[in-house]
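**Student:** Take this structure first; my questions come after.
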Amino acid sequence: MEYMEVCGILDKHVLPQLSEGRRNTIVDMASGIGRFLNYFSANFEHVIEIDFVESNVSLAMEKHASLHNVEFIVGDLMDVQLPKASVNLFFGNWLLQYLQEDAILELLPRLLGCLATGGLVFFHEGIIANFEGRLPDKKENPAIFRSSASMYNHWFESCGFRLLKQGSLARYRHVFDNPYQAYWIL
């Protein structure tokens, strides 16, 4: 549901900051079945898709076999080693809400160290509630819905990131009356 809106945010607020010469590598963290892969492949020279669920990666590889600028990695994002200053954009869609605070505070400095000069990070997370605007039972969804976007802001700033833009996805506000689908560009 958010695909077109997220791509629109990337088109309007991220790609203009990454000139053609600085669109070398994007890392889709917890990429799942590669929902954004066609978009990334069209806009970046090299796409790295990382997911720890082997069947997700296999399905993404099968669905996107015609794309030749994609590297698929089955593994835990926390264990993947990327070269320093090598990534132009990190993309995380509903990633941090599945991590404990200590893991977030471990991950963020690693991302910062891997960013190329002028590189950016994009996160989209559910705050307070899931995409439907409700708090699901933990058996249904193990996500951690933090109490406010300011918690993320604090973590980003404490790890050395500068907040460039923050907002919420309009589609969720209109369809589900849910203003809690937040995004950040760092």
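Please note that chains go A, B, ... in the order of the structure tokens, that every chain numbers its residues from 1, and that ligands are numbered from 1 in the order shown.
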Excluding Tyr152 in chain A and residues on its chain fewer than 5 positions from it, collect all residues at most 12 Å away from it, counting only C-alpha atoms, and give them as a PyMOL selection string.
**Tutor:** chain A and resi 96-97+101+104-105+108+123-127+145-147+157-159+161+163+166+182-186
**Student:** When you look at range 14-27 of chain A with a cut-off of 6 Å (counting only C-alpha atoms), what residues show up, excluding the ones that are within fewer than 4 positions of it in the same chain? I need them as a list in words.
**Tutor:**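 The residues satisfying every condition are Leu10, Phe44, Glu45, His46, Val47, Ile48, Val87, Asn88, Leu89 and Phe90 of chain A.
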**Student:** For the selection you just gave me, I'd like the residues written to a file as a JSON list (two decimals), in the first residue's frame, keeping N, CA and C atoms.
**Tutor:**
```json
[["chain", "number", "residue", "atom", "x", "y", "z"],
["A", 10, "LEU", "N", 11.11, 9.17, -1.98],
["A", 10, "LEU", "CA", 12.49, 8.98, -2.46],
["A", 10, "LEU", "C", 12.77, 9.85, -3.67],
["A", 44, "PHE", "N", 19.87, 2.96, -9.13],
["A", 44, "PHE", "CA", 21.20, 2.78, -8.56],
["A", 44, "PHE", "C", 21.98, 1.78, -9.39],
["A", 45, "GLU", "N", 23.30, 1.98, -9.44],
["A", 45, "GLU", "CA", 24.16, 1.06, -10.20],
["A", 45, "GLU", "C", 24.22, -0.32, -9.56],
["A", 46, "HIS", "N", 24.25, -0.36, -8.22],
["A", 46, "HIS", "CA", 24.43, -1.62, -7.49],
["A", 46, "HIS", "C", 23.42, -1.65, -6.35],
["A", 47, "VAL", "N", 22.64, -2.72, -6.28],
["A", 47, "VAL", "CA", 21.64, -2.89, -5.23],
["A", 47, "VAL", "C", 22.04, -4.12, -4.41],
["A", 48, "ILE", "N", 22.08, -3.93, -3.10],
["A", 48, "ILE", "CA", 22.35, -5.04, -2.18],
["A", 48, "ILE", "C", 21.07, -5.30, -1.38],
["A", 87, "VAL", "N", 28.45, 3.00, 0.79],
["A", 87, "VAL", "CA", 27.02, 2.95, 0.52],
["A", 87, "VAL", "C", 26.47, 4.37, 0.37],
["A", 88, "ASN", "N", 25.71, 4.58, -0.70],
["A", 88, "ASN", "CA", 25.10, 5.89, -0.93],
["A", 88, "ASN", "C", 23.74, 6.04, -0.25],
["A", 89, "LEU", "N", 23.00, 4.92, -0.12],
["A", 89, "LEU", "CA", 21.71, 4.97, 0.54],
["A", 89, "LEU", "C", 21.43, 3.66, 1.25],
["A", 90, "PHE", "N", 21.10, 3.76, 2.52],
["A", 90, "PHE", "CA", 20.56, 2.63, 3.27],
["A", 90, "PHE", "C", 19.06, 2.83, 3.32]]
```
**Student:** Report, in Å with one decimal, the straight-line distance from CA of Tyr3 in chain A to CA of Phe40 in chain A.
**Tutor:**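 Going from CA of Tyr3 in chain A over to CA of Phe40 in chain A, I get 12.1 Å.
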**Student:** Find the residue from A:Gly34, A:Tyr180, A:Met78, A:Arg110 that sits nearest to Leu59 in chain A; use only C-alpha atoms when measuring.
**Tutor:**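 Of the candidates, the smallest distance to Leu59 in chain A is held by A:Gly34.
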**Student:** From a backbone DSSP assignment, name each residue in range 49-167 of chain A labelled strand (DSSP E), as a PyMOL selection string.
**Tutor:** chain A and resi 49-51+70-74+87-93+115-126+165-167
**Student:** CA of Ile50 in chain A to CA of Gly32 in chain A: how many Å, to one decimal?
**Tutor:**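 Taking CA of Ile50 in chain A and CA of Gly32 in chain A, their separation equals 7.9 Å.
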**Student:** Residues within 8 Å of Ala170 in chain A, please, as a PyMOL selection string. Count only C-alpha atoms; anything in the same chain fewer than 4 positions from it doesn't count.
**Tutor:** chain A and resi 5+174+179
**Student:** Could you write out that same residue set with N, CA and C atoms as a PDB file, in the first residue's frame?
**Tutor:**
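So out-v2.pdb came out as:
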```pdb
ATOM      1  N   GLU A   5       3.845   5.802  -2.450  1.00  0.00           N
ATOM      2  CA  GLU A   5       4.144   6.981  -1.640  1.00  0.00           C
ATOM      3  C   GLU A   5       5.610   7.000  -1.210  1.00  0.00           C
ATOM      4  N   HIS A 174      -5.095   8.686   5.595  1.00  0.00           N
ATOM      5  CA  HIS A 174      -6.380   8.757   4.890  1.00  0.00           C
ATOM      6  C   HIS A 174      -7.157   7.437   4.913  1.00  0.00           C
ATOM      7  N   PRO A 179      -1.938   8.206  11.807  1.00  0.00           N
ATOM      8  CA  PRO A 179      -0.840   9.139  11.558  1.00  0.00           C
ATOM      9  C   PRO A 179       0.511   8.605  12.048  1.00  0.00           C
TER      10      PRO A 179
END
```
**Student:** Fewer than 2 positions away in the same chain doesn't count, so skip those; otherwise give me all residues within 10 Å of His64 in chain A, counting only C-alpha atoms, as JSON, numbers by chain.
**Tutor:** {"A": [33, 34, 37, 38, 41, 58, 59, 60, 61, 62, 66, 67, 68, 70]}
**Student:** Here is a test: counting only C-alpha atoms, which residue of A:Met29, A:Leu111, A:Ala65, A:Val57 is nearest to Leu77 in chain A?
**Tutor:**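 Closest to Leu77 in chain A, using only C-alpha atoms: A:Met29.
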**Student:** How many Å separate CA of Asp76 in chain A from CA of Arg35 in chain A?
**Tutor:**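 Between CA of Asp76 in chain A and CA of Arg35 in chain A the gap is 18.7 Å.
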**Student:** Go through A:His13, A:Met151, A:Val121, A:Asn43 one by one, measure the shortest atom-to-atom distance of each to Asn93 in chain A using only C-alpha atoms, and give the residue with the smallest value.
**Tutor:**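 Among A:His13, A:Met151, A:Val121, A:Asn43, it is A:Val121 that comes nearest to Asn93 in chain A.
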**Student:** Taking the DSSP assignment computed from this structure's backbone, write out as a PyMOL selection string all residues of chain A that belong to helix (DSSP H, G or I).
**Tutor:** chain A and resi 3-17+20-22+37-43+54-63+96-98+101-114+149-158+170-176
